[in-house]
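Before any comments, here is the structure.
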Amino acid sequence: MRKIFLSLLLTGAFATAAQAQREFANIELPMNRAEDLVTVADEDGNVVIYFYQNGRLNIALLSPTGEQLAQHEIPYRFSQEPQILGTRVTDDEFIFYSRYTNGRREYVRPFAVNRHTGAFRSMQDEQLEIARNAEFLGGFGNDEHFYMLYTDRDNNLHLYRDNDENVARLEHRVFKPEMPRTRDRYAREEDLIYVSDDIEHNVFTGHHRSKIYLRDGKIYMIFDGFDLRGGERNKATTEILALDWETGETEYRTLPPLEQRNDPTFNSFLYKDKLFRVNMEKDKFKLTAYDFETLEPIKEYTYTGDEEIAIKSTPVQQRGAKAIFSPDKTVIEKTSKVMKNLADGVPAITVDSFNDSTLQLTIGSYEAPAERSGMDDRTRMVRTPDRYVRTSRGLMMVPGRWTPAYNIPSYYLNSPYYSRYFYDPYGQGGSYASGPGTSTYFRSVLDADNLTKVEDAKAEVLQDKIETFEEELKREPEYKTVYRYGDKLHYGYYDRKARTFRIMEFAHGQEAPEPQGQE
């Protein structure tokens, strides 16, 4: 099975002047699984909050000032949970798209929420004509259209898009790209992510090497550092594939190749008319900005050895404990260690802007957590069952204890009967991650026109404000979401104790908000 990760946080833009910090909204939500929550904002500043629970759709609508306008709990289609693939914002409604399969038949199931009243509207399912050998890659969209993407054994791309007259009806196009195949089959498709305008800007989202962008009615797929058949040994490149829906044609372009032996050493990110590519090795750092239309380099920064990376606007931070007693967050101060630590993991870069004069770059690497099979790990800890012993004073309970699995005979742990008496959280089958992964990164604030570094006194990074706020929460929220709200960032988190979803607003020129709840 291919692992497809598509990010689908879609919001509009609502430009307002920066105000003093405030809590945008505080709404009671009786959620059991907070990770199912979806938030979408429109250009007027209305925000819809959606989650599915106990066979019902739960929907709330907030005004541009954070006031709750409507809240509904709606029974849904024989308690069949909709798997939300993407959203759209039309003139009158928020549209949610989900996919439903029944054997070999596949359907798209949209439903809508009115942007002003919060009224719910269900739409007719539409069956998609899917080729027998086609496999689903994912769904994505913006305010203009929603797409579903498939691929077949001949590497053709099947694209479905809603038409201009009916948001619930999808049209079909087949694209036959002329591009070299990778040495590992389907390597490009295994790490695919959709980059919306409101994707969270960190190295986790930026480290994916296959990205989808929507620009000017075209779909751009950009792939970084894949081994190509017939390509030069120990060299890789950035590939750009453009799909034109109107003409059905494709265009394939590449950037100059770079040295790459085994692990990925570079990655890229498309922002408006510029394509940024970062190349990181243990003794070299190179950032290049290209004109996306001509692919000509327009700005380049290169540092080698123990040279200070002068474009840093923040210190190099590392998050995610790499050892049991290591702190979750550390700052790498020694220049000699900066490049070595940045090179540990897959290179990552994201670019964002909150005004017309600066760009905020997040540059670093992400090292995924190690996975291992719990059933094969005999050093895993299991808890023995509680026992009752008869004494002169009656029955006394001897509580179970935690012990390595190798102390328990395999007959008991593998027995369908006896195994139910042991608490074995790491041996329930399948693999599990040993941690959250390690993010190593810094941020750089550049002038949007000439791409020179902005002085530190003027540099202000909203994502850093959010991370500082999150660190001050008394308990890490089990669900959080970050989305764009015009020239601001909204950070939403679920306070389980108060059963409340809180949305905090972050903007330039304001003080950091104080954490609430989570005690």
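Chain identifiers are assigned as A, B, and so on, following the order in which chains appear in the structure tokens; residues are numbered from 1 within each chain, and ligands are numbered from 1 in order of appearance.
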
Excluding same-chain residues fewer than 4 positions from region 293-308 of chain A, what lies within 6 Å of it counting only C-alpha atoms, as a list of chain:residue names?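 Final neighbour list, sorted by chain and number: A:Asp283, A:Lys284, A:Phe285, A:Lys286, A:Leu287, A:Thr288, A:Ala289, A:Thr335, A:Ser336.
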
Based on DSSP run over this structure's backbone, return all residues of region 149-314 of chain A in helix (DSSP H, G or I), as a ChimeraX atom specification. /A:189-191,203-206
